[in-house]
file query24.cif (mmCIF, C-alpha atoms)
data_final
loop_
_atom_site.group_PDB
_atom_site.id
_atom_site.type_symbol
_atom_site.label_atom_id
_atom_site.label_comp_id
_atom_site.auth_asym_id
_atom_site.auth_seq_id
_atom_site.Cartn_x
_atom_site.Cartn_y
_atom_site.Cartn_z
ATOM 1 C CA MET J 248 0.000 0.000 0.000
ATOM 2 C CA VAL J 249 2.800 2.399 0.859
ATOM 3 C CA ALA J 250 4.652 1.721 -2.389
ATOM 4 C CA ARG J 251 1.460 2.191 -4.403
ATOM 5 C CA SER J 252 0.713 5.388 -2.496
ATOM 6 C CA GLN J 253 4.196 6.697 -3.222
ATOM 7 C CA GLN J 254 3.432 6.214 -6.920
ATOM 8 C CA GLY J 255 0.406 8.488 -6.553
ATOM 9 C CA ASP J 256 -2.300 5.839 -6.036
ATOM 10 C CA LYS J 257 -4.891 7.747 -3.987
ATOM 11 C CA GLU J 258 -6.993 4.629 -3.385
ATOM 12 C CA ALA J 259 -4.007 2.905 -1.768
ATOM 13 C CA PHE J 260 -3.429 5.928 0.455
ATOM 14 C CA THR J 261 -7.128 5.986 1.342
ATOM 15 C CA GLU J 262 -6.694 2.391 2.520
ATOM 16 C CA LEU J 263 -3.711 3.431 4.662
ATOM 17 C CA VAL J 264 -5.820 6.216 6.170
ATOM 18 C CA ARG J 265 -8.600 3.728 6.892
ATOM 19 C CA ARG J 266 -6.153 1.333 8.561
ATOM 20 C CA TYR J 267 -4.403 3.917 10.710
ATOM 21 C CA GLN J 268 -7.073 6.555 11.338
ATOM 22 C CA ARG J 269 -8.128 5.104 14.686
ATOM 23 C CA LEU J 270 -4.487 4.953 15.841
ATOM 24 C CA ALA J 271 -3.836 8.566 14.788
ATOM 25 C CA ILE J 272 -6.938 9.895 16.530
ATOM 26 C CA SER J 273 -6.211 7.855 19.652
ATOM 27 C CA ILE J 274 -2.660 9.205 19.959
ATOM 28 C CA ALA J 275 -3.794 12.783 19.389
ATOM 29 C CA TYR J 276 -6.684 12.445 21.854
ATOM 30 C CA ARG J 277 -4.559 10.953 24.605
ATOM 31 C CA MET J 278 -1.973 13.696 24.116
ATOM 32 C CA SER J 279 -4.471 16.560 24.046
ATOM 33 C CA GLY J 280 -7.579 15.463 25.898
ATOM 34 C CA ASP J 281 -9.677 17.174 23.243
ATOM 35 C CA ALA J 282 -11.696 15.122 20.753
ATOM 36 C CA MET J 283 -12.019 17.910 18.203
ATOM 37 C CA LEU J 284 -8.321 18.735 18.341
ATOM 38 C CA ALA J 285 -7.552 15.025 17.958
ATOM 39 C CA GLU J 286 -9.668 14.816 14.794
ATOM 40 C CA ASP J 287 -7.960 17.925 13.405
ATOM 41 C CA ALA J 288 -4.486 16.652 14.296
ATOM 42 C CA ALA J 289 -5.149 13.268 12.669
ATOM 43 C CA GLN J 290 -6.497 14.878 9.511
ATOM 44 C CA GLU J 291 -3.543 17.271 9.303
ATOM 45 C CA ALA J 292 -1.123 14.404 9.972
ATOM 46 C CA PHE J 293 -2.513 12.360 7.098
ATOM 47 C CA LEU J 294 -2.320 15.384 4.822
ATOM 48 C CA ARG J 295 1.309 15.916 5.824
ATOM 49 C CA ALA J 296 2.017 12.192 5.350
ATOM 50 C CA TRP J 297 0.561 12.338 1.824
ATOM 51 C CA GLN J 298 2.660 15.401 1.015
ATOM 52 C CA ARG J 299 5.851 13.796 2.331
ATOM 53 C CA LEU J 300 5.233 10.206 1.290
ATOM 54 C CA ALA J 301 7.920 10.342 -1.388
ATOM 55 C CA SER J 302 10.547 10.893 1.318
ATOM 56 C CA PHE J 303 9.316 8.052 3.532
ATOM 57 C CA GLU J 304 11.940 5.427 2.592
ATOM 58 C CA HIS J 305 14.747 7.961 2.485
ATOM 59 C CA ARG J 306 14.093 9.010 6.076
ATOM 60 C CA GLY J 307 15.136 5.599 7.363
ATOM 61 C CA ALA J 308 11.880 4.904 9.192
ATOM 62 C CA GLY J 309 11.382 1.174 9.666
ATOM 63 C CA SER J 310 7.640 1.160 9.299
ATOM 64 C CA PHE J 311 4.854 3.354 8.042
ATOM 65 C CA ARG J 312 3.116 2.999 11.408
ATOM 66 C CA ALA J 313 6.092 4.412 13.336
ATOM 67 C CA TRP J 314 6.572 7.181 10.756
ATOM 68 C CA LEU J 315 2.897 8.137 10.976
ATOM 69 C CA CYS J 316 3.013 8.104 14.802
ATOM 70 C CA ARG J 317 5.844 10.603 14.658
ATOM 71 C CA ILE J 318 3.855 12.879 12.348
ATOM 72 C CA VAL J 319 0.739 12.625 14.553
ATOM 73 C CA THR J 320 2.746 13.318 17.706
ATOM 74 C CA ASN J 321 4.407 16.371 16.142
ATOM 75 C CA MET J 322 1.136 17.674 14.687
ATOM 76 C CA THR J 323 -0.669 17.298 18.016
ATOM 77 C CA THR J 324 2.146 19.067 19.839
ATOM 78 C CA ASP J 325 2.015 21.910 17.295
ATOM 79 C CA LEU J 326 -1.768 22.270 17.637
ATOM 80 C CA LEU J 327 -1.534 22.162 21.437
ATOM 81 C CA ARG J 328 1.033 24.939 21.427
ATOM 82 C CA LYS J 329 -1.236 27.018 19.235
ATOM 83 C CA ALA J 330 -4.303 26.344 21.375
ATOM 84 C CA HIS J 331 -2.577 26.464 24.796
ATOM 85 C CA LEU J 332 -4.972 23.691 25.726
ATOM 86 C CA THR J 333 -5.180 22.793 29.421
ATOM 87 C CA ALA J 334 -8.684 21.328 29.781
ATOM 88 C CA PRO J 335 -8.905 17.833 31.345
ATOM 89 C CA MET J 336 -9.732 14.817 29.210
ATOM 90 C CA GLU J 337 -13.321 13.603 28.966
ATOM 91 C CA ALA J 338 -14.178 10.673 31.194
ATOM 92 C CA LEU J 339 -13.882 7.216 29.774
ATOM 93 C CA SER J 340 -17.144 5.415 29.075
ATOM 94 C CA LEU J 341 -17.873 2.578 31.473
ATOM 95 C CA PRO J 342 -19.342 -0.848 30.749
ATOM 96 C CA GLY J 343 -22.991 -1.464 31.623
ATOM 97 C CA GLY J 344 -23.948 -3.139 34.867
ATOM 98 C CA VAL J 345 -21.635 -1.031 37.042
ATOM 99 C CA CYS J 346 -23.284 0.474 40.121
ATOM 100 C CA PRO J 347 -23.395 4.299 40.172
ATOM 101 C CA ASP J 348 -20.975 4.627 43.119
ATOM 102 C CA GLU J 349 -18.434 2.362 41.452
ATOM 103 C CA ALA J 350 -18.928 4.113 38.103
ATOM 104 C CA HIS J 351 -18.348 7.486 39.758
ATOM 105 C CA LEU J 352 -15.183 6.222 41.483
ATOM 106 C CA ARG J 353 -13.837 4.761 38.232
ATOM 107 C CA GLN J 354 -14.625 7.978 36.402
ATOM 108 C CA GLU J 355 -12.773 10.026 39.018
ATOM 109 C CA GLN J 356 -9.788 7.672 38.875
ATOM 110 C CA ALA J 357 -9.694 7.793 35.073
ATOM 111 C CA GLN J 358 -9.872 11.571 35.125
ATOM 112 C CA ALA J 359 -7.073 11.767 37.698
ATOM 113 C CA VAL J 360 -4.826 9.520 35.591
ATOM 114 C CA GLN J 361 -5.614 11.411 32.391
ATOM 115 C CA ALA J 362 -5.062 14.796 34.044
ATOM 116 C CA ALA J 363 -1.720 13.566 35.424
ATOM 117 C CA ILE J 364 -0.709 12.375 31.947
ATOM 118 C CA LEU J 365 -1.577 15.783 30.506
ATOM 119 C CA ARG J 366 0.735 17.405 33.077
ATOM 120 C CA LEU J 367 3.723 15.336 31.945
ATOM 121 C CA PRO J 368 6.277 17.091 29.737
ATOM 122 C CA GLU J 369 5.362 16.625 26.057
ATOM 123 C CA ALA J 370 8.274 14.296 25.287
ATOM 124 C CA SER J 371 7.500 11.985 28.222
ATOM 125 C CA ARG J 372 3.762 12.106 27.510
ATOM 126 C CA ALA J 373 4.238 11.080 23.877
ATOM 127 C CA THR J 374 6.548 8.207 24.837
ATOM 128 C CA LEU J 375 4.147 6.931 27.514
ATOM 129 C CA ILE J 376 1.099 7.126 25.234
ATOM 130 C CA LEU J 377 2.809 5.322 22.364
ATOM 131 C CA ARG J 378 3.928 2.517 24.692
ATOM 132 C CA GLU J 379 1.105 2.069 27.185
ATOM 133 C CA TYR J 380 -1.947 3.026 25.141
ATOM 134 C CA GLU J 381 -0.921 2.238 21.568
ATOM 135 C CA GLY J 382 1.318 -0.750 22.292
ATOM 136 C CA LEU J 383 4.296 0.305 20.186
ATOM 137 C CA SER J 384 7.568 -1.477 20.863
ATOM 138 C CA TYR J 385 10.565 0.442 22.152
ATOM 139 C CA ARG J 386 12.083 0.208 18.666
ATOM 140 C CA GLU J 387 8.920 1.618 17.070
ATOM 141 C CA ILE J 388 8.810 4.457 19.592
ATOM 142 C CA SER J 389 12.461 5.176 18.902
ATOM 143 C CA GLU J 390 11.708 5.402 15.180
ATOM 144 C CA ALA J 391 8.482 7.354 15.660
ATOM 145 C CA LEU J 392 10.045 10.014 17.874
ATOM 146 C CA GLY J 393 13.500 9.971 16.300
ATOM 147 C CA ILE J 394 15.259 9.272 19.600
ATOM 148 C CA PRO J 395 17.652 6.528 20.779
ATOM 149 C CA MET J 396 16.200 3.471 22.529
ATOM 150 C CA GLY J 397 17.939 4.437 25.757
ATOM 151 C CA THR J 398 16.074 7.747 25.683
ATOM 152 C CA VAL J 399 12.788 5.895 25.145
ATOM 153 C CA MET J 400 13.485 3.797 28.231
ATOM 154 C CA SER J 401 14.507 6.761 30.383
ATOM 155 C CA ARG J 402 11.463 8.827 29.310
ATOM 156 C CA LEU J 403 9.147 5.901 30.083
ATOM 157 C CA ASN J 404 10.783 5.397 33.466
ATOM 158 C CA TYR J 405 10.482 9.108 34.256
ATOM 159 C CA ALA J 406 6.828 9.268 33.128
ATOM 160 C CA ARG J 407 5.813 6.162 35.074
ATOM 161 C CA ASN J 408 7.569 7.329 38.248
ATOM 162 C CA ARG J 409 6.082 10.819 38.020
ATOM 163 C CA LEU J 410 2.579 9.424 37.482
ATOM 164 C CA ARG J 411 2.993 6.999 40.377
ATOM 165 C CA GLU J 412 4.181 9.776 42.703
ATOM 166 C CA GLU J 413 1.492 12.241 41.653
ATOM 167 C CA LEU J 414 -1.334 9.716 41.957
ATOM 168 C CA ALA J 415 -0.043 8.475 45.322
ATOM 169 C CA SER J 416 0.099 12.041 46.648
ATOM 170 C CA GLN J 417 -3.470 12.630 45.462
ATOM 171 C CA GLN J 418 -4.651 9.539 47.348
ATOM 172 C CA VAL J 419 -2.887 10.686 50.513
ATOM 173 C CA SER J 420 -4.393 14.173 50.324
ATOM 174 C CA GLU J 421 -7.887 12.760 49.627
ATOM 175 C CA SER J 422 -7.735 10.315 52.532
ATOM 176 C CA ALA J 423 -6.588 13.132 54.867
ATOM 177 C CA SER J 424 -9.721 15.172 54.060
#
call {"tool": "encode", "arguments": {"input": "query24.cif", "output": "structure tokens"}}
result
Amino acid sequence: MVARSQQGDKEAFTELVRRYQRLAISIAYRMSGDAMLAEDAAQEAFLRAWQRLASFEHRGAGSFRAWLCRIVTNMTTDLLRKAHLTAPMEALSLPGGVCPDEAHLRQEQAQAVQAAILRLPEASRATLILREYEGLSYREISEALGIPMGTVMSRLNYARNRLREELASQQVSESAS
């Protein structure tokens, strides 16, 4: 599909968009917490990918997926800088059959985790999202962000530790009230 797209086959590129659209929107949403911004970032990322598709192989990226993740991450970061977005992420939907008290608790916990992720530095946030939410390997993250594998590991370690500390301090302050 990538080779056909590079030759100008718009139907092949449409298939790539179909395959990776959910991934692009998910990355952008988890980075921004804003559904509309995520849609815009994904759309802009695919447009940029189409425009730069000819350079894909020459850039040394190992896979289209990792290359696209890098574009989405950069586009989302650019849009966030422009918007100065600080609003918390929407709550995750919960499965049916959960009692209201439990649903409320889960919603609060999800919001606390998502708000803590949004407070991470952009580089650490992107690394954490690509690994924990999108399931990319360390190698894919390295390719997607254009950083060495050691940097991927240190950013993940930093992000996980910071989240753990922040969430633990929130629990302590809530139980003291």
call {"tool": "residues_near_point", "arguments": {"input": "query24.cif", "point": "(-5.8, 22.1, 21.2)", "cutoff": "10 Å", "atoms": "only C-alpha atoms", "output": "PyMOL selection string"}}
result
chain J and resi 275-276+278-285+287-288+323-334
call {"tool": "residues_around", "arguments": {"input": "query24.cif", "residues": "stretch 294-303 of chain J", "least_positions_apart": "5", "cutoff": "8 Å", "atoms": "all atoms listed in the file", "output": "list in words"}}
result
Ser252, Gln253, Phe260, Ala308, Phe311, Trp314, Leu315 and Ile318 of chain J
call {"tool": "axis_aligned_box", "arguments": {"input": "query24.cif", "around": "stretch 376-381 of chain J", "padding_each_side": "4 Å", "output": "AutoDock Vina command-line options"}}
result
--center_x 1.0 --center_y 4.6 --center_z 24.4 --size_x 13.9 --size_y 13.1 --size_z 13.6
call {"tool": "atom_distance", "arguments": {"input": "query24.cif", "atom1": "atom CA of J:Glu413", "atom2": "atom CA of J:Leu377"}}
result
20.5 Å
call {"tool": "residues_around", "arguments": {"input": "query24.cif", "residues": "J:Gly393", "least_positions_apart": "3", "cutoff": "9 Å", "atoms": "all atoms listed in the file", "output": "PyMOL selection string"}}
result
chain J and resi 308+317+388-390
call {"tool": "residues_around", "arguments": {"input": "query24.cif", "residues": "J:Ala373", "least_positions_apart": "5", "cutoff": "9 Å", "atoms": "all atoms listed in the file", "output": "ChimeraX atom specification"}}
result
/J:274,277-278,320,368,378,392
call {"tool": "atom_distance", "arguments": {"input": "query24.cif", "atom1": "atom CA of J:Glu379", "atom2": "atom CA of J:Gln354"}}
result
19.2 Å
call {"tool": "residues_around", "arguments": {"input": "query24.cif", "residues": "J:Leu375", "least_positions_apart": "3", "cutoff": "12 Å", "atoms": "all atoms listed in the file", "output": "PyMOL selection string"}}
result
chain J and resi 274+277-278+320+361+363-365+367-372+378-385+388+392+399-410
call {"tool": "atom_distance", "arguments": {"input": "query24.cif", "atom1": "atom CA of J:Arg266", "atom2": "atom CA of J:Glu286"}}
result
15.3 Å
